[in-house]
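Below you'll find the structure, written out as structure tokens, and then a few comments.
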Amino acid sequence: MITLAFLILLAASVAAYVWNYRAAQSIRKQGTRLSSVSMYHGLYALLVVLIPVVLLMLLWLSLQEPLLERVLMRSLPQASALDDAGARQLILAEIRSIAGGRIFGQPEEWMLVAAERLNQMNQYADRAMIAVQLILVTALFWMCSRRVSASFKAREKTESIVNKILGACCIVAILTTAGIFISLVLETVRFLSFVPITEFLFGLNWEPQIPMREDQVAAEGAFGWIPVLLGTLTITAVAMFIAAPVGLMSAIYLNEFAPEFIRGICKPILEILAGVPTVVYGFFAILVVVPAIRNVGALIGLSVSPNTALAAGGVMGIMLIPFISSFADDALSAVPKDLRDGSLALGATRAETILKVVFPAAIPGIVGGILLAVSRAIGETMIVVMAAGLIAKLTINPLDSVTTVTVQIVTLLIGDTAFDNPKTLAAFALGMMLFIVTLSINVLALRIVHKYREVYD
Amino acid sequence: MARRSQELLSIVRSGIGRRNRAQIVVQALGISAILFAFLTLLVLLGSLVASGYQAFTQTHIEIQVYVDPEKIKEDKLPRGDFRGLLQTAILEVLPPIEGRRTQRDATKILSNGAQFTLRDRIVESPELIGRNVVLNIPASDPYDQLNKGLIDRDTPEEYRRLSNREIAWFDHIKSSGAVSKPFNSALLFNADSRFPELAGLRGALVGSFWALLVCFLISFPVGIGAGVYLEEFAPKNRMSDLIEVNINNLAAVPSVVFGLLALSVFLGWFGLPRSAPFVGGMTLALMTMPTIIIATRAALKAVPPSIREAALAIGASPQQVVFGHVLPLAMPGILTGTIIGLAQALGETAPLLLIGMNAFITSAPVTPFDSATSLPTQIFIWADSPERGFVSRTSAAILVLLMFLIIMNAVAIVLRQKFQRQW
């Protein structure tokens, strides 16, 4: 049905193009000079037909299902009697799967009827959409076919439409940010209705288990994010402990000492490290790094837990080496040549020049790069999901098993779709904190880098 | 004066050795930093190849099965005792075995999927009933490992995955020449399975293909549109500044946050299906868009103003200038940026986990709305599986993923080398 609708639309807009193009050509053949070339008359018709109808169809398709399902659920006495949103969701999911032809076991009679009705309504809605679409297409076609004339400024009109389309593309970027922000805020507010904000921000316990049944005596669930934050910071610290010195030293060497051809070989190879997907680093951590750390630990008589912060952080550090190295390289290259030459002319060795003159001058840029790397490390997910632990402990010992914000988000949400318990909502609250923290670090870093560039330009 | 400079010179000379040594230390530190990075890269790739190359072959056992008309009735094919047929067949090649339980153990040499292969074969051509069929069947995981030398025969029996008797069975079959080790086509052409010897990447490859296609179809036009608008047509005011800051920050938002967005907006509000490559593609498109916008703007900036001015001078409108002249010249740069963005999207895992693309699905998706996995999420699933055989398969899957990334990046580099002009 949807394919048919899109085919109709495609055919109609092409027809509109051809129709208006022909009309303009015939005016031209009569010897009248057109204000715009015939092609623009065609393009104008194509856009006028295509765009409103595409928008209508997208809107219709995205609203049809939720609206129909809401109507259906309202009409069902068995469902509207339930107070629990989760139970209603379950009923809806079952009806949906029956309607899709996937029947498990023996569903109740009223469910079969409801599924039948859902299919029926969907069918009506599809037909209605095509009818509305046909009416709209005809109206638009008729409207723009009347506008072809020698004096009609088709090019200006077309260009103003195109300009609006391009502007709308930018809006998508804004909408993405707005979408992230709104969805995180909404879910976080719901989370805070279960857990007081002071407990979330300052609580020292993170045990996101909630009782599955009313009578369960097990854990109450505790949602204090401090231990999770500490774990994140521990792993980030380990990562930076490896990435910062290695990245900086390699940048200094490549920028100052390496001959051109070595630089030409080394930089792309370092970039490879940056292009490896993080899930590969995660597997590398469990395949090689974790056993290696365990063996070394056993050798010197230390008991090392299997999911140490050291393994996850170390592998993350390797991932960040090229990131820091390229930022530091850019910052060192941006230092004016005068400073370097002046220092060398005074008799300083090249090492002294780079360490005492160029490096200090490049520090703002380097700090900016390191801050961006920190924000990467905080937001990095796959390495820690695969190599770090699940249990939040109040510790900063890198040999201990710690968990991170991103690990908790993923484990809380995998395989869980209900949106009405603190456990899943907690993931959104953590996501909110993650978004705020990384965003502030990014803004700060970009500002430092920006300010510093202005000084030398 | 001369004496004074003599003195200074001697001070400088006395320190020069120390200072040169300091320089050597700095250089040595730099070189060792780079060597460290290279070494980790080498260990990373080396360990993946070392553990993964074995998964590209699979031990097969050739076996002759008599399709007993007693056990397989043509009118009741799906209910036939195919397992029993295989057991009889395998017991025939082995030395006599006593006890039902041991007999059943012996059948485990063959993959658990063997009965389905046999069933499909007979459903396809029912005239085989009552005749002998020769099948080439994957060996089950432990025996595959044994054949590849991954199970040490010298370890004491109680720590080994196969007992002495089981090893003897396998050696017996092997000495008859029925064991072969061909290329493991199942790895590429089968969908996922609980049994390592049958598990393949087909579902993941198709899922990744759909997701990337959707990602490209959305992010490429929208990204170019936004980039062109910001670079060429946008009025310079607070709005365009805001959009610019916004895009730069969007490029640095952690990927898992995009997953949260997709989960609550695409799945929660719009009710799109879970685990669908379509939703995955839309999520990846949102992440790829900033990359494409930034690449588009850089490529447009690199086109020299003389081109624009020449076109404007002969009467082209600003849009004709952009779409007729500047954009075509900027296209190689934009395409390079797009391919690099898509390569990043191909390796992205976390947002796909949150929208459920880590489900266990034993068939490849047909449309982008079917449940599916993607290459990186499949790697994640296999890395989590306890069976030994999945370790080498995970590495092999990673090698396949890396191969795609290398191809994409190579295309991007070639594009850049071939079409980039120096003005």
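To be explicit about the labels: the chains of the structure tokens are called A, B, and onward in the order shown, and within each one the residues are counted from 1, while ligands get numbers from 1 in the order they are shown.
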TODO: Could you give me, as a ChimeraX atom specification, the residues within 7 Å of Ile339 in chain B, counting only C-alpha atoms and dropping anything in the same chain fewer than 3 positions from it?
DONE: /B:335-336,342-343,408,412
Could you write those residues out with N, CA and C atoms, as a JSON list (two decimals), in the first residue's frame?
```json
[["chain", "number", "residue", "atom", "x", "y", "z"],
["B", 335, "LEU", "N", 32.27, 13.31, -1.03],
["B", 335, "LEU", "CA", 32.14, 11.84, -1.06],
["B", 335, "LEU", "C", 33.16, 11.19, -0.12],
["B", 336, "THR", "N", 34.39, 11.73, -0.13],
["B", 336, "THR", "CA", 35.40, 11.20, 0.79],
["B", 336, "THR", "C", 34.91, 11.28, 2.23],
["B", 342, "LEU", "N", 30.42, 6.94, 6.84],
["B", 342, "LEU", "CA", 29.70, 5.66, 6.78],
["B", 342, "LEU", "C", 30.55, 4.54, 7.39],
["B", 343, "ALA", "N", 31.88, 4.61, 7.18],
["B", 343, "ALA", "CA", 32.74, 3.59, 7.78],
["B", 343, "ALA", "C", 32.64, 3.65, 9.30],
["B", 408, "MET", "N", 36.40, 0.48, 2.47],
["B", 408, "MET", "CA", 35.75, 1.79, 2.41],
["B", 408, "MET", "C", 36.78, 2.91, 2.50],
["B", 412, "ALA", "N", 37.89, 5.83, -0.21],
["B", 412, "ALA", "CA", 37.93, 7.26, 0.13],
["B", 412, "ALA", "C", 39.28, 7.85, -0.24]]
```
Task: Expected answer as a PyMOL selection string: chain A residues within 7 Å of chain B, only C-alpha atoms - done: chain A and resi 62+66+159+166-167+169-170+173-174+177+179-180+183+246+249-250+252-253+273+277+279-280+283-284+351+379-382+410+413-415+431
TODO: Find the spatial neighbours of Met331 in chain B, counting only C-alpha atoms, within a cut-off of 12 Å - ignore same-chain residues fewer than 3 positions away - and output them as a VMD selection string.
DONE: chain B and resid 220 224 228 292 295 to 303 322 to 328 334 to 338 415 to 416 419 to 421
TODO: Would you mind listing what lies within 12 Å of Ala361 in chain A as number ranges by chain, with only C-alpha atoms counted and same-chain residues fewer than 6 positions away left out?
DONE: A: 328, 331-340, 353-355, 367, 452-453, 455-456
TODO: Point out the residue among A:Lys267, A:Leu90, A:Ser401, A:Asn163 with the least atom-to-atom distance to Pro235 in chain B, counting only C-alpha atoms.
DONE: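 Of A:Lys267, A:Leu90, A:Ser401, A:Asn163, the one nearest Pro235 in chain B, counting only C-alpha atoms, is A:Asn163.
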